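Data from run36.cif: mmCIF, C-alpha atoms and all ligand atoms; chains and numbers go by the auth columns
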data_run
loop_
_atom_site.group_PDB
_atom_site.id
_atom_site.type_symbol
_atom_site.label_atom_id
_atom_site.label_comp_id
_atom_site.label_asym_id
_atom_site.label_seq_id
_atom_site.Cartn_x
_atom_site.Cartn_y
_atom_site.Cartn_z
_atom_site.B_iso_or_equiv
_atom_site.auth_seq_id
_atom_site.auth_asym_id
ATOM 1 C CA MET A 1 -205.032 1.016 37.176 0.00 10 A
ATOM 2 C CA THR A 2 -201.931 -0.782 38.311 0.00 11 A
ATOM 3 C CA SER A 3 -199.874 0.791 41.047 0.00 12 A
ATOM 4 C CA THR A 4 -196.211 1.412 40.384 0.00 13 A
ATOM 5 C CA THR A 5 -193.278 1.696 42.725 0.00 14 A
ATOM 6 C CA GLY A 6 -191.443 4.355 40.760 0.00 15 A
ATOM 7 C CA ALA A 7 -190.263 5.107 37.258 0.00 16 A
ATOM 8 C CA THR A 8 -187.723 2.361 36.787 0.00 17 A
ATOM 9 C CA ALA A 9 -186.373 1.339 33.435 0.00 18 A
ATOM 10 C CA CYS A 10 -183.803 -1.079 32.129 0.00 19 A
ATOM 11 C CA PRO A 11 -180.378 0.606 32.324 0.00 20 A
ATOM 12 C CA HIS A 12 -179.189 -1.353 29.316 0.00 21 A
ATOM 13 C CA CYS A 13 -181.884 -0.629 26.736 0.00 22 A
ATOM 14 C CA GLY A 14 -184.027 1.989 28.474 0.00 23 A
ATOM 15 C CA ARG A 15 -187.296 0.110 28.281 0.00 24 A
ATOM 16 C CA PRO A 16 -189.696 0.844 31.153 0.00 25 A
ATOM 17 C CA ASP A 17 -190.003 -2.138 33.471 0.00 26 A
ATOM 18 C CA GLY A 18 -193.776 -2.049 33.329 0.00 27 A
ATOM 19 C CA ALA A 19 -194.143 -1.717 29.571 0.00 28 A
ATOM 20 C CA GLU A 20 -191.611 -3.992 27.995 0.00 29 A
ATOM 21 C CA PRO A 21 -192.748 -7.389 26.674 0.00 30 A
ATOM 22 C CA PHE A 22 -190.417 -9.209 29.027 0.00 31 A
ATOM 23 C CA GLN A 23 -190.178 -12.992 28.994 0.00 32 A
ATOM 24 C CA VAL A 24 -190.876 -14.907 32.183 0.00 33 A
ATOM 25 C CA VAL A 25 -188.057 -17.423 32.683 0.00 34 A
ATOM 26 C CA SER A 26 -189.293 -18.980 35.913 0.00 35 A
ATOM 27 C CA ARG A 27 -191.594 -18.301 38.837 0.00 36 A
ATOM 28 C CA HIS A 28 -191.106 -19.222 42.484 0.00 37 A
ATOM 29 C CA LEU A 29 -193.678 -18.916 45.250 0.00 38 A
ATOM 30 C CA THR A 30 -192.510 -17.229 48.442 0.00 39 A
ATOM 31 C CA ALA A 31 -194.129 -16.365 51.739 0.00 40 A
ATOM 32 C CA ALA A 32 -194.675 -12.783 50.610 0.00 41 A
ATOM 33 C CA GLY A 33 -195.999 -13.609 47.157 0.00 42 A
ATOM 34 C CA SER A 34 -193.824 -14.816 44.330 0.00 43 A
ATOM 35 C CA THR A 35 -190.490 -14.184 42.695 0.00 44 A
ATOM 36 C CA LEU A 36 -190.269 -13.899 38.936 0.00 45 A
ATOM 37 C CA TRP A 37 -187.148 -14.335 36.854 0.00 46 A
ATOM 38 C CA THR A 38 -187.656 -12.440 33.627 0.00 47 A
ATOM 39 C CA ARG A 39 -185.560 -11.566 30.630 0.00 48 A
ATOM 40 C CA CYS A 40 -185.684 -8.144 29.040 0.00 49 A
ATOM 41 C CA ALA A 41 -185.802 -7.678 25.282 0.00 50 A
ATOM 42 C CA CYS A 42 -182.095 -6.748 25.416 0.00 51 A
ATOM 43 C CA GLY A 43 -181.191 -10.022 27.146 0.00 52 A
ATOM 44 C CA SER A 44 -180.764 -8.700 30.684 0.00 53 A
ATOM 45 C CA LEU A 45 -181.989 -11.138 33.310 0.00 54 A
ATOM 46 C CA GLN A 46 -184.197 -9.537 35.948 0.00 55 A
ATOM 47 C CA VAL A 47 -185.454 -10.709 39.325 0.00 56 A
ATOM 48 C CA ARG A 48 -188.878 -9.360 40.203 0.00 57 A
ATOM 49 C CA THR A 49 -190.912 -9.767 43.350 0.00 58 A
ATOM 50 C CA ALA A 50 -194.680 -9.854 43.107 0.00 59 A
ATOM 51 C CA ASP A 51 -197.048 -9.112 45.976 0.00 60 A
ATOM 52 C CA GLY A 52 -200.503 -7.649 46.372 0.00 61 A
ATOM 53 C CA CYS A 53 -199.309 -4.284 45.057 0.00 62 A
ATOM 54 C CA GLY A 54 -197.829 -5.500 41.788 0.00 63 A
ATOM 55 C CA THR A 55 -194.335 -6.412 40.714 0.00 64 A
ATOM 56 C CA ARG A 56 -191.022 -4.638 40.958 0.00 65 A
ATOM 57 C CA VAL A 57 -187.517 -5.343 39.795 0.00 66 A
ATOM 58 C CA VAL A 58 -185.142 -6.043 42.668 0.00 67 A
ATOM 59 C CA SER A 59 -182.085 -7.197 40.718 0.00 68 A
ATOM 60 C CA ARG A 60 -180.824 -7.376 37.165 0.00 69 A
ATOM 61 C CA SER A 61 -177.889 -8.735 35.254 0.00 70 A
ATOM 62 C CA ARG A 62 -176.040 -7.502 32.219 0.00 71 A
ATOM 63 C CA PRO A 63 -177.343 -8.498 28.806 0.00 72 A
ATOM 64 C CA THR A 64 -175.963 -11.816 27.629 0.00 73 A
HETATM 65 ZN ZN ZN B . -183.284 -4.141 28.639 0.00 101 A
#

When written as structure tokens, how does the structure in this file appear?
Amino acid sequence: MTSTTGATACPHCGRPDGAEPFQVVSRHLTAAGSTLWTRCACGSLQVRTADGCGTRVVSRSRPT
């Protein structure tokens, strides 16, 4: 069972952040874990942070 940090979903297409088949654009290691740049199925670019508790979306752009 993966822990979640709340019921967040893409505001542009409504897909749940944890369920959508998002595409990983790039990955950067940080002191706290890693930062993932992902793209939603609707084209919105998302910034996710990953740590020992899972991942969460911290920023997103409009669909391109
Ligand atoms: Zn979306």

Protein and nucleic acid residues within 6 Å of ligand ZN 101 (chain A) (only C-alpha atoms and all ligand atoms) as a ChimeraX atom specification: /A:19,21-22,24,49-51,53

Nearest-residue call for His37 in chain A, choices A:Pro20, A:Pro72, A:Ala59, A:Pro25, using all atoms listed in the file: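 With all atoms listed in the file as the atom set, the closest residue is A:Ala59.
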
Explicit residues for the PyMOL selection byres (((chain A and resi 40-42) around 9) and not hetatm) (as a ChimeraX atom specification): /A:37-39,43-44,58-61

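All protein, DNA and RNA residues at most 8 Å from (-177.8, -12.5, 38.0) are A:Leu54, A:Gln55, A:Val56, A:Ser68, A:Arg69, A:Ser70, A:Arg71, using only C-alpha atoms.
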
Of the listed residues A:Asp26, A:Arg36, A:Gly52, A:Phe31, that which approaches Val67 in chain A most closely, counting only C-alpha atoms: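 The answer is A:Asp26, which sits nearest to Val67 in chain A.
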
Ground truth for the PyMOL selection byres (((chain A and resi 32) around 6) and not hetatm), written as a ChimeraX atom specification: /A:31,33,47-48

If you take every atom of range 35-46 of chain A that the file lists and fit an axis-aligned box around them with 3 Å extra on each side, what centre and edge lengths come out in Å to one decimal, as AutoDock Vina command-line options?
--center_x -191.6 --center_y -16.0 --center_z 43.8 --size_x 14.9 --size_y 12.4 --size_z 21.8
